[in-house]
Amino acid sequence: MIDLALIRRSPEAVRAGLSARNPRYGAALDELLKLDLDNRAAMKEVEDLRAVRNAASQAIGKAKAAKDEAGAQKVMAEVAALKEKMGALEALLSPLSEKTRQAALGLPNLPHESVPVGTSEADNKEVRRGRAPAAYDFKPLDHQTLGEKLGLLDFAAGARLAGSRFCLWKGAGARLMRAIISFQLDLHTKEHGYEEIWPPYLALPEVLEGTGQLPKFEADLYKTGTSDGEKNRDLYLIPTAEVPLTNLVREQILPAERLPMKMTAYSPCFRQEAGSYGKDVRGLIRNHQFDKVELVWITKPEDSLAALETLTAHAEEVLKRLEIPHRVLSLCTADIGFASRKTYDLEVWMPSEGRYREISSCSDCGDFQARRMNARLRRDAKAAPEFVHTLNGSGVAVGRLFAAILENFQQKDGGVRIPTALVPFFGAERLG
RNA sequence: GGAAGGGUGCGUGAGCGGUUGAAACGAACAGUCUCGAAAACUGUCAGGGAUGCAAGUCCCUCGAGGGUUCGAAUCCCUCCCCUUCCGCCA
């Protein structure tokens, strides 16, 4: 959530930031400004009335204590008239406040000044490259063909069990998935200093609101439908472990010594991906359920930009150790995610397509999520609390890494070499 | 899932319709004292919001939501969570 005080103080600066993402946010901003004005006016009216009532109630208390029944009755009669008026005003105020809140929740974060300005993904800026793609003296197969040939992947079985865009791993394929996950978690916990978390895969609505998936992107989520209107509430399947990890600090005031917090978790991720029809329908690239090792940092405000560089380097280290050709992009203003103020994407080379494919997205969300979650830090005993900064990144996507390994390490004889760093986890040097 | 008990500030814990946003003790922070520290003493010590140049004034919050009342931490209803016991289960 963008700071409402900032929006009031410098609406044009906010407008400029939002327009760099997409000009259509101008109208949403105007709407919010108007709602906020009305809301504050209504609040003032209600609060003034409450002040009058509170003073009268105290007077009644005092009169009764002094055994002045008549005096008490007199004030009570006066106050009774207020009640109706207050009720009417409050009935107007509460939907207005809710509307204002929803409008504020619908605005994305402001891009950081270091983010390249652009209008589409074509304007993303390449920052650096890892190793160069290997040369093949044969036509490289795509990962789905390879995986099915080697008996690692069974898309037909996935579809039979859960419908299209679900995949099933078996035998050495399943084992390779497990190896990839363990390799990444060990790297991040033992060498990069992250605490490993094993989170719930279902989350409450307010938790999804905290990280920004709700209310705007409900259509992308799987909802349990367990709500019965009162006792049972709806839970959502997490679209990423960023959701539970980041929300670990919701409603907390952390002492400065606790920061930075660095957490990592493996989790399955569930996304409806509504609207992605026709795009990447084959293979492991875009499924409804996928696996990911996530990295999350909670930092002091002044540390988050540097932390983004470190977090990105940690994710990149996975690709370096596994000898996967890759590059790093700084996403432009039109392409960064809703909650992000700056994002680096890691892309890996896919020989069958002759192009790079996203495998990780690392974002500094500034105080955007912290405001929604009310996550704060206190620098010392006397200091006022301030919002923390939150960062997240895939470290990295497991299914896409599986695909990248298959494609980049395929051999002329149809087998696949296992990257050296992965051998101790997988237990063999090749597949097939 | 059933039964009983309980959720109050950083912690323990009092309050059970009327200057109680909240006693007391502890923690923390600042000061006095000291060469320094400890002890002792003194003071500060919830968060959010509206308004204002500021000082300040006002509003909201005692698990959450609703209700009763001129007035609710205190009474009523619903829900959530925790503890203990029983049941079930991995």
# chains A, B, ... in the order shown; residues from 1 in each chain; ligands from 1
$ closest_atom_pairs --of "chain A" --to "chain B" --cutoff "7 Å" --atoms "only C-alpha atoms (C1' of nucleotides)" --output "Markdown table"
| residue | atom | partner | partner_atom | distance |
| --- | --- | --- | --- | --- |
| A:Lys44 | CA | B:A50 | C1' | 6.4 |
| A:Glu47 | CA | B:C59 | C1' | 5.2 |
| A:Ala51 | CA | B:C58 | C1' | 6.7 |
| A:Ser57 | CA | B:G71 | C1' | 5.2 |
| A:Gln58 | CA | B:G18 | C1' | 6.9 |
| A:Gly61 | CA | B:G18 | C1' | 4.6 |
| A:Met76 | CA | B:C70 | C1' | 4.9 |
| A:Val79 | CA | B:C70 | C1' | 6.0 |
| A:Ala80 | CA | B:C70 | C1' | 6.7 |
| A:Lys231 | CA | B:C79 | C1' | 6.2 |
| A:Ala381 | CA | B:C29 | C1' | 5.9 |
| A:Lys382 | CA | B:C29 | C1' | 6.7 |
$ select_by_dssp --residues "region 182-421 of chain A" --states "strand (DSSP E or B)" --output "NGL selection string"
:A and (195-196 or 202-203 or 223 or 236-237 or 253-255 or 261-270 or 289-299 or 326-330 or 342-350 or 355-364 or 376-378 or 386-387 or 389-397 or 410 or 416-417)
$ residues_around --residues "Glu113 (chain A)" --least-positions-apart "4" --cutoff "12 Å" --atoms "only C-alpha atoms (C1' of nucleotides)" --output "ChimeraX atom specification"
/A:13,16-17,20,117,305,332-333,341-342
$ select_by_dssp --residues "region 147-296 of chain A" --states "helix (DSSP H, G or I)" --output "CSV table (one decimal) with C-alpha atoms, in the first residue's frame"
chain,number,residue,atom,x,y,z
A,147,GLY,CA,11.6,-36.3,-19.9
A,148,GLU,CA,9.0,-38.6,-21.4
A,149,LYS,CA,11.6,-40.5,-23.4
A,155,PHE,CA,2.0,-35.5,-18.4
A,156,ALA,CA,-0.8,-37.8,-19.4
A,157,ALA,CA,-1.0,-39.2,-15.9
A,158,GLY,CA,-0.9,-35.6,-14.5
A,159,ALA,CA,-3.9,-34.7,-16.7
A,160,ARG,CA,-5.8,-37.9,-15.8
A,161,LEU,CA,-5.4,-37.1,-12.1
A,162,ALA,CA,-5.9,-33.3,-12.0
A,172,ALA,CA,14.7,-40.9,-11.3
A,173,GLY,CA,12.6,-37.9,-12.3
A,174,ALA,CA,11.1,-37.7,-8.9
A,175,ARG,CA,14.4,-38.3,-7.3
A,176,LEU,CA,16.0,-35.5,-9.3
A,177,MET,CA,13.3,-33.1,-8.1
A,178,ARG,CA,14.1,-34.0,-4.5
A,179,ALA,CA,17.8,-33.5,-5.2
A,180,ILE,CA,17.3,-30.1,-6.7
A,181,ILE,CA,15.3,-29.0,-3.7
A,182,SER,CA,17.8,-30.3,-1.2
A,183,PHE,CA,20.7,-28.8,-3.1
A,184,GLN,CA,19.1,-25.4,-3.0
A,185,LEU,CA,18.0,-25.5,0.6
A,186,ASP,CA,21.5,-26.7,1.7
A,187,LEU,CA,23.2,-23.9,-0.3
A,188,HIS,CA,21.0,-21.2,1.2
A,189,THR,CA,21.0,-22.4,4.8
A,190,LYS,CA,24.6,-23.6,5.1
A,191,GLU,CA,26.4,-21.0,3.0
A,205,PRO,CA,-7.4,-13.9,3.2
A,206,GLU,CA,-5.8,-11.2,5.2
A,207,VAL,CA,-2.4,-12.9,4.7
A,208,LEU,CA,-2.9,-12.8,0.9
A,209,GLU,CA,-3.9,-9.2,1.2
A,210,GLY,CA,-0.7,-8.5,3.2
A,211,THR,CA,1.6,-9.5,0.3
A,218,GLU,CA,-8.2,-13.3,-6.6
A,219,ALA,CA,-8.9,-14.9,-10.0
A,220,ASP,CA,-5.3,-16.2,-10.1
A,242,GLU,CA,6.6,-15.6,-0.3
A,243,VAL,CA,3.1,-15.3,1.2
A,244,PRO,CA,3.6,-17.3,4.5
A,245,LEU,CA,7.2,-16.3,4.9
A,246,THR,CA,6.7,-12.6,4.5
A,247,ASN,CA,3.6,-12.6,6.7
A,256,ALA,CA,16.3,-3.6,15.2
A,257,GLU,CA,18.7,-6.4,16.2
A,258,ARG,CA,16.5,-9.0,14.7
$ closest_residue --among "A:Leu93, A:Leu322, A:Ala370, A:Val398" --to "Val423 (chain A)" --atoms "only C-alpha atoms"
A:Leu322
$ atom_distance --atom1 "CA of Glu121 (chain A)" --atom2 "CA of Ser363 (chain A)"
16.0 Å
$ atom_distance --atom1 "CA of Gln144 (chain A)" --atom2 "CA of Ile285 (chain A)"
9.9 Å
$ decode --residues "chain B" --atoms "C-alpha atoms (C1' of nucleotides)" --output "PDB file, in the first residue's frame"
ATOM      1  C1'   G B   1     -15.264 -33.519  17.360  1.00  0.00           C
ATOM      2  C1'   G B   2     -16.956 -33.256  23.006  1.00  0.00           C
ATOM      3  C1'   A B   3     -16.217 -31.038  28.125  1.00  0.00           C
ATOM      4  C1'   A B   4     -14.080 -27.412  31.449  1.00  0.00           C
ATOM      5  C1'   G B   5     -11.103 -23.111  32.182  1.00  0.00           C
ATOM      6  C1'   G B   6      -8.906 -18.822  30.057  1.00  0.00           C
ATOM      7  C1'   G B   7      -7.485 -14.599  26.371  1.00  0.00           C
ATOM      8  C1'   U B   8      -6.035  -7.150  29.494  1.00  0.00           C
ATOM      9  C1'   G B   9       0.067  -2.881  27.803  1.00  0.00           C
ATOM     10  C1'   C B  10       7.105  -5.676  26.513  1.00  0.00           C
ATOM     11  C1'   G B  11       6.161  -9.654  30.736  1.00  0.00           C
ATOM     12  C1'   U B  12       3.449 -11.296  35.284  1.00  0.00           C
ATOM     13  C1'   G B  13      -1.181  -9.679  36.695  1.00  0.00           C
ATOM     14  C1'   A B  14      -5.454  -6.402  39.042  1.00  0.00           C
ATOM     15  C1'   G B  15      -9.930  -4.431  37.340  1.00  0.00           C
ATOM     16  C1'   C B  16     -15.914  -7.134  36.390  1.00  0.00           C
ATOM     17  C1'   G B  17     -21.150  -0.557  34.179  1.00  0.00           C
ATOM     18  C1'   G B  18     -19.122   5.932  35.319  1.00  0.00           C
ATOM     19  C1'   U B  19     -12.442  10.976  35.104  1.00  0.00           C
ATOM     20  C1'   U B  20      -9.545   3.164  33.829  1.00  0.00           C
ATOM     21  C1'   G B  21      -6.015   3.652  27.902  1.00  0.00           C
ATOM     22  C1'   A B  22      -6.166   0.836  32.124  1.00  0.00           C
ATOM     23  C1'   A B  23      -3.588  -0.501  39.533  1.00  0.00           C
ATOM     24  C1'   A B  24       0.735  -3.064  41.205  1.00  0.00           C
ATOM     25  C1'   C B  25       5.261  -5.520  40.341  1.00  0.00           C
ATOM     26  C1'   G B  26       8.931  -6.692  36.796  1.00  0.00           C
ATOM     27  C1'   A B  27      11.579  -5.479  32.070  1.00  0.00           C
ATOM     28  C1'   A B  28      13.354  -1.449  29.113  1.00  0.00           C
ATOM     29  C1'   C B  29      14.989   3.659  28.627  1.00  0.00           C
ATOM     30  C1'   A B  30      16.693   8.457  30.856  1.00  0.00           C
ATOM     31  C1'   G B  31      18.509  10.955  35.182  1.00  0.00           C
ATOM     32  C1'   U B  32      20.571  11.393  40.435  1.00  0.00           C
ATOM     33  C1'   C B  33      24.504   9.005  43.119  1.00  0.00           C
ATOM     34  C1'   U B  34      29.633   6.743  41.690  1.00  0.00           C
ATOM     35  C1'   C B  35      36.409   7.061  39.449  1.00  0.00           C
ATOM     36  C1'   G B  36      33.214   3.410  36.842  1.00  0.00           C
ATOM     37  C1'   A B  37      29.531  -0.250  37.725  1.00  0.00           C
ATOM     38  C1'   A B  38      25.946  -2.553  40.965  1.00  0.00           C
ATOM     39  C1'   A B  39      22.347  -1.210  44.525  1.00  0.00           C
ATOM     40  C1'   A B  40      19.059   2.642  45.876  1.00  0.00           C
ATOM     41  C1'   C B  41      16.083   6.733  44.463  1.00  0.00           C
ATOM     42  C1'   U B  42      13.440   9.814  40.619  1.00  0.00           C
ATOM     43  C1'   G B  43      11.225  10.136  35.992  1.00  0.00           C
ATOM     44  C1'   U B  44       9.616   8.120  31.133  1.00  0.00           C
ATOM     45  C1'   C B  45       7.366   4.050  29.092  1.00  0.00           C
ATOM     46  C1'   A B  46       1.060   1.019  23.944  1.00  0.00           C
ATOM     47  C1'   G B  47      -0.422   1.570  18.951  1.00  0.00           C
ATOM     48  C1'   G B  48      -3.193   3.955  15.212  1.00  0.00           C
ATOM     49  C1'   G B  49      -6.065   8.060  13.234  1.00  0.00           C
ATOM     50  C1'   A B  50      -8.227  13.358  12.521  1.00  0.00           C
ATOM     51  C1'   U B  51      -6.896  18.453  13.126  1.00  0.00           C
ATOM     52  C1'   G B  52      -2.952  22.148  13.789  1.00  0.00           C
ATOM     53  C1'   C B  53       3.110  25.924  11.875  1.00  0.00           C
ATOM     54  C1'   A B  54       3.533  24.210  16.728  1.00  0.00           C
ATOM     55  C1'   A B  55       2.026  23.484  21.665  1.00  0.00           C
ATOM     56  C1'   G B  56      -2.099  21.021  21.934  1.00  0.00           C
ATOM     57  C1'   U B  57      -7.147  19.208  21.281  1.00  0.00           C
ATOM     58  C1'   C B  58     -10.189  15.245  19.793  1.00  0.00           C
ATOM     59  C1'   C B  59     -11.448  10.036  18.030  1.00  0.00           C
ATOM     60  C1'   C B  60     -10.496   4.616  17.996  1.00  0.00           C
ATOM     61  C1'   U B  61      -8.308   0.146  20.093  1.00  0.00           C
ATOM     62  C1'   C B  62      -8.336  -4.439  26.787  1.00  0.00           C
ATOM     63  C1'   G B  63      -8.669 -11.840  21.109  1.00  0.00           C
ATOM     64  C1'   A B  64     -12.408 -10.485  16.645  1.00  0.00           C
ATOM     65  C1'   G B  65     -17.264  -8.953  15.209  1.00  0.00           C
ATOM     66  C1'   G B  66     -22.174  -7.581  16.680  1.00  0.00           C
ATOM     67  C1'   G B  67     -25.762  -6.001  20.613  1.00  0.00           C
ATOM     68  C1'   U B  68     -27.668  -3.505  25.368  1.00  0.00           C
ATOM     69  C1'   U B  69     -26.662   1.541  27.651  1.00  0.00           C
ATOM     70  C1'   C B  70     -26.296   8.549  28.182  1.00  0.00           C
ATOM     71  C1'   G B  71     -21.742   5.628  29.217  1.00  0.00           C
ATOM     72  C1'   A B  72     -18.671  -1.181  28.273  1.00  0.00           C
ATOM     73  C1'   A B  73     -12.155  -3.962  29.565  1.00  0.00           C
ATOM     74  C1'   U B  74     -16.520  -4.770  32.678  1.00  0.00           C
ATOM     75  C1'   C B  75     -23.418  -7.160  30.840  1.00  0.00           C
ATOM     76  C1'   C B  76     -25.580 -10.247  26.368  1.00  0.00           C
ATOM     77  C1'   C B  77     -24.815 -12.957  21.483  1.00  0.00           C
ATOM     78  C1'   U B  78     -21.646 -15.154  17.627  1.00  0.00           C
ATOM     79  C1'   C B  79     -16.888 -16.483  16.181  1.00  0.00           C
ATOM     80  C1'   C B  80     -11.445 -17.221  16.739  1.00  0.00           C
ATOM     81  C1'   C B  81      -7.272 -18.689  19.562  1.00  0.00           C
ATOM     82  C1'   C B  82      -4.756 -20.921  23.961  1.00  0.00           C
ATOM     83  C1'   U B  83      -4.527 -24.550  28.241  1.00  0.00           C
ATOM     84  C1'   U B  84      -6.274 -29.203  30.449  1.00  0.00           C
ATOM     85  C1'   C B  85      -9.133 -33.762  29.982  1.00  0.00           C
ATOM     86  C1'   C B  86     -11.735 -37.207  26.564  1.00  0.00           C
ATOM     87  C1'   G B  87     -12.361 -38.989  21.486  1.00  0.00           C
ATOM     88  C1'   C B  88     -10.003 -39.648  16.625  1.00  0.00           C
ATOM     89  C1'   C B  89      -5.736 -39.963  13.847  1.00  0.00           C
ATOM     90  C1'   A B  90      -0.222 -39.647  10.682  1.00  0.00           C
TER      91        A B  90
END
